[in-house]
Amino acid sequence: MVENLAGETRHPGRIEVVCGSMFSGKTEELIRRMKRAKFARQKVGIFKPSMDTRYSDHDVVSHDHNSIISTPVDTSASILLLSSDLQVVGIDEAQFFDEGLITVCNQLAYHGVRVIVAGLDMDYKGRPFGPIPGLCAIADEVTKVHAICVRCGALAYVSHRLVHNDKRVLLGEREEYEPLCRECYRKVLEEEQCRKDSENDLTGKL
């Protein structure tokens, strides 16, 4: 809290981003920060994309099944409309929102709101995902969390998709994704390419 020359007090806004691969604890960290703010009797609101119904239609739920009540929304603009009286705003699975989320978070922060954003920074192909890279650029604080590579035990780098589906957005859990370090991910890509080459050679001979 900051006191200005007129003797009034205000809460300086800020943007905090928690990003990383799947199974890295992003949502767990978001829930922890939001519950701490609630314990401090601050006015808080948590939002998530309405498309994310994996564990609950309404709650934000971590992979470890910790949860907190949230409001599902279709667009980033809805978050701005529903946050007029809030001191702390949490946003989960932010990679699924439109690019307007960057402007929304900036506006909230400039109006004294603490904004906590959690999301994947890369998609299953290792490409920057949705508004997360832009949010990292304007954030006051960025926390990169890591899962553990299921193949070698190193810090994971990317969420590797286990099922054959080219859609960029595919909701899933451990049956559909696995966290891999950069080296193991490189090896998997080489194995997949060799398999494709062999299948193409076989098709050409038939």
# chains A, B, ... in the order shown; residues from 1 in each chain; ligands from 1
$ residues_around --residues "segment 23-32 of chain A" --least-positions-apart "4" --cutoff "6 Å" --atoms "only C-alpha atoms" --output "list in words"
Val18, Ser62, Ala118, Val145, His146 and Ala147 of chain A
$ residues_around --residues "Val104 of chain A" --least-positions-apart "4" --cutoff "10 Å" --atoms "only C-alpha atoms" --output "JSON, numbers by chain"
{"A": [76, 77, 78, 79, 80, 81, 99, 100, 108, 109, 110, 115]}
$ select_by_dssp --residues "segment 68-141 of chain A" --states "strand (DSSP E)" --output "PDB file with C-alpha atoms, in the first residue's frame"
ATOM      1  CA  ILE A  68     -10.952 -22.887  -5.665  1.00  0.00           C
ATOM      2  CA  THR A  71     -16.006 -17.938 -12.909  1.00  0.00           C
ATOM      3  CA  PRO A  72     -15.842 -19.467 -16.412  1.00  0.00           C
ATOM      4  CA  VAL A  73     -15.724 -16.854 -19.198  1.00  0.00           C
ATOM      5  CA  VAL A  88      -6.886  -9.494  -6.738  1.00  0.00           C
ATOM      6  CA  VAL A  89      -7.724 -11.237 -10.024  1.00  0.00           C
ATOM      7  CA  GLY A  90      -6.575 -14.770 -10.818  1.00  0.00           C
ATOM      8  CA  ILE A  91      -6.642 -16.214 -14.338  1.00  0.00           C
ATOM      9  CA  ARG A 114      -3.030  -7.443  -8.507  1.00  0.00           C
ATOM     10  CA  VAL A 115      -3.347  -9.853 -11.440  1.00  0.00           C
ATOM     11  CA  ILE A 116      -2.063 -13.428 -11.140  1.00  0.00           C
ATOM     12  CA  VAL A 117      -1.956 -15.371 -14.398  1.00  0.00           C
ATOM     13  CA  ALA A 118      -1.174 -19.070 -14.835  1.00  0.00           C
ATOM     14  CA  GLY A 119      -0.728 -20.869 -18.144  1.00  0.00           C
ATOM     15  CA  LEU A 120       1.337 -22.904 -20.568  1.00  0.00           C
ATOM     16  CA  GLU A 141       7.099 -10.861 -11.951  1.00  0.00           C
TER      17      GLU A 141
END
$ closest_residue --among "A:Cys181, A:Met34, A:Cys105, A:Cys194" --to "Leu135 of chain A" --atoms "only C-alpha atoms"
A:Cys105
$ select_by_dssp --residues "segment 150-196 of chain A" --states "alpha helix (DSSP H)" --output "PDB file with N, CA and C atoms, in the first residue's frame"
ATOM      1  N   ARG A 182      14.437 -31.023 -22.673  1.00  0.00           N
ATOM      2  CA  ARG A 182      14.775 -30.656 -24.056  1.00  0.00           C
ATOM      3  C   ARG A 182      15.457 -31.805 -24.798  1.00  0.00           C
ATOM      4  N   GLU A 183      16.376 -32.506 -24.147  1.00  0.00           N
ATOM      5  CA  GLU A 183      17.114 -33.579 -24.810  1.00  0.00           C
ATOM      6  C   GLU A 183      16.208 -34.768 -25.128  1.00  0.00           C
ATOM      7  N   CYS A 184      15.374 -35.159 -24.168  1.00  0.00           N
ATOM      8  CA  CYS A 184      14.476 -36.287 -24.416  1.00  0.00           C
ATOM      9  C   CYS A 184      13.438 -35.921 -25.475  1.00  0.00           C
ATOM     10  N   TYR A 185      13.030 -34.660 -25.500  1.00  0.00           N
ATOM     11  CA  TYR A 185      12.081 -34.213 -26.512  1.00  0.00           C
ATOM     12  C   TYR A 185      12.720 -34.287 -27.899  1.00  0.00           C
ATOM     13  N   ARG A 186      13.990 -33.903 -27.989  1.00  0.00           N
ATOM     14  CA  ARG A 186      14.709 -33.990 -29.273  1.00  0.00           C
ATOM     15  C   ARG A 186      14.763 -35.439 -29.750  1.00  0.00           C
ATOM     16  N   LYS A 187      15.048 -36.354 -28.835  1.00  0.00           N
ATOM     17  CA  LYS A 187      15.132 -37.767 -29.199  1.00  0.00           C
ATOM     18  C   LYS A 187      13.778 -38.305 -29.666  1.00  0.00           C
ATOM     19  N   VAL A 188      12.716 -37.880 -28.992  1.00  0.00           N
ATOM     20  CA  VAL A 188      11.368 -38.322 -29.377  1.00  0.00           C
ATOM     21  C   VAL A 188      11.027 -37.825 -30.780  1.00  0.00           C
ATOM     22  N   LEU A 189      11.366 -36.571 -31.083  1.00  0.00           N
ATOM     23  CA  LEU A 189      11.097 -36.030 -32.412  1.00  0.00           C
ATOM     24  C   LEU A 189      11.852 -36.806 -33.480  1.00  0.00           C
ATOM     25  N   GLU A 190      13.096 -37.189 -33.177  1.00  0.00           N
ATOM     26  CA  GLU A 190      13.890 -37.968 -34.128  1.00  0.00           C
ATOM     27  C   GLU A 190      13.267 -39.345 -34.334  1.00  0.00           C
ATOM     28  N   GLU A 191      12.806 -39.965 -33.237  1.00  0.00           N
ATOM     29  CA  GLU A 191      12.164 -41.282 -33.340  1.00  0.00           C
ATOM     30  C   GLU A 191      10.886 -41.205 -34.174  1.00  0.00           C
ATOM     31  N   GLU A 192      10.101 -40.155 -33.949  1.00  0.00           N
ATOM     32  CA  GLU A 192       8.846 -39.990 -34.689  1.00  0.00           C
ATOM     33  C   GLU A 192       9.118 -39.755 -36.164  1.00  0.00           C
ATOM     34  N   GLN A 193      10.176 -38.994 -36.467  1.00  0.00           N
ATOM     35  CA  GLN A 193      10.502 -38.729 -37.863  1.00  0.00           C
ATOM     36  C   GLN A 193      10.985 -39.996 -38.552  1.00  0.00           C
ATOM     37  N   CYS A 194      11.793 -40.801 -37.846  1.00  0.00           N
ATOM     38  CA  CYS A 194      12.262 -42.066 -38.417  1.00  0.00           C
ATOM     39  C   CYS A 194      11.095 -43.007 -38.695  1.00  0.00           C
ATOM     40  N   ARG A 195      10.120 -43.010 -37.788  1.00  0.00           N
ATOM     41  CA  ARG A 195       8.946 -43.863 -37.970  1.00  0.00           C
ATOM     42  C   ARG A 195       8.133 -43.410 -39.181  1.00  0.00           C
ATOM     43  N   LYS A 196       7.991 -42.107 -39.353  1.00  0.00           N
ATOM     44  CA  LYS A 196       7.256 -41.576 -40.497  1.00  0.00           C
ATOM     45  C   LYS A 196       7.971 -41.910 -41.800  1.00  0.00           C
TER      46      LYS A 196
END
$ atom_distance --atom1 "atom CA of Pro179 of chain A" --atom2 "atom CA of Gly20 of chain A"
10.2 Å
$ closest_residue --among "A:Lys48, A:Lys125, A:Arg14, A:Lys144" --to "Gln87 of chain A" --atoms "only C-alpha atoms"
A:Arg14
$ atom_distance --atom1 "atom CA of Arg151 of chain A" --atom2 "atom CA of Gln95 of chain A"
25.9 Å
$ closest_residue --among "A:Ala37, A:Asn106, A:Ser84, A:Gly112" --to "Gly134 of chain A" --atoms "only C-alpha atoms"
A:Asn106
$ atom_distance --atom1 "atom CA of Ile148 of chain A" --atom2 "atom CA of Pro49 of chain A"
26.2 Å
$ closest_residue --among "A:Leu82, A:Val113, A:Cys136, A:Met22" --to "Glu176 of chain A" --atoms "only C-alpha atoms"
A:Met22
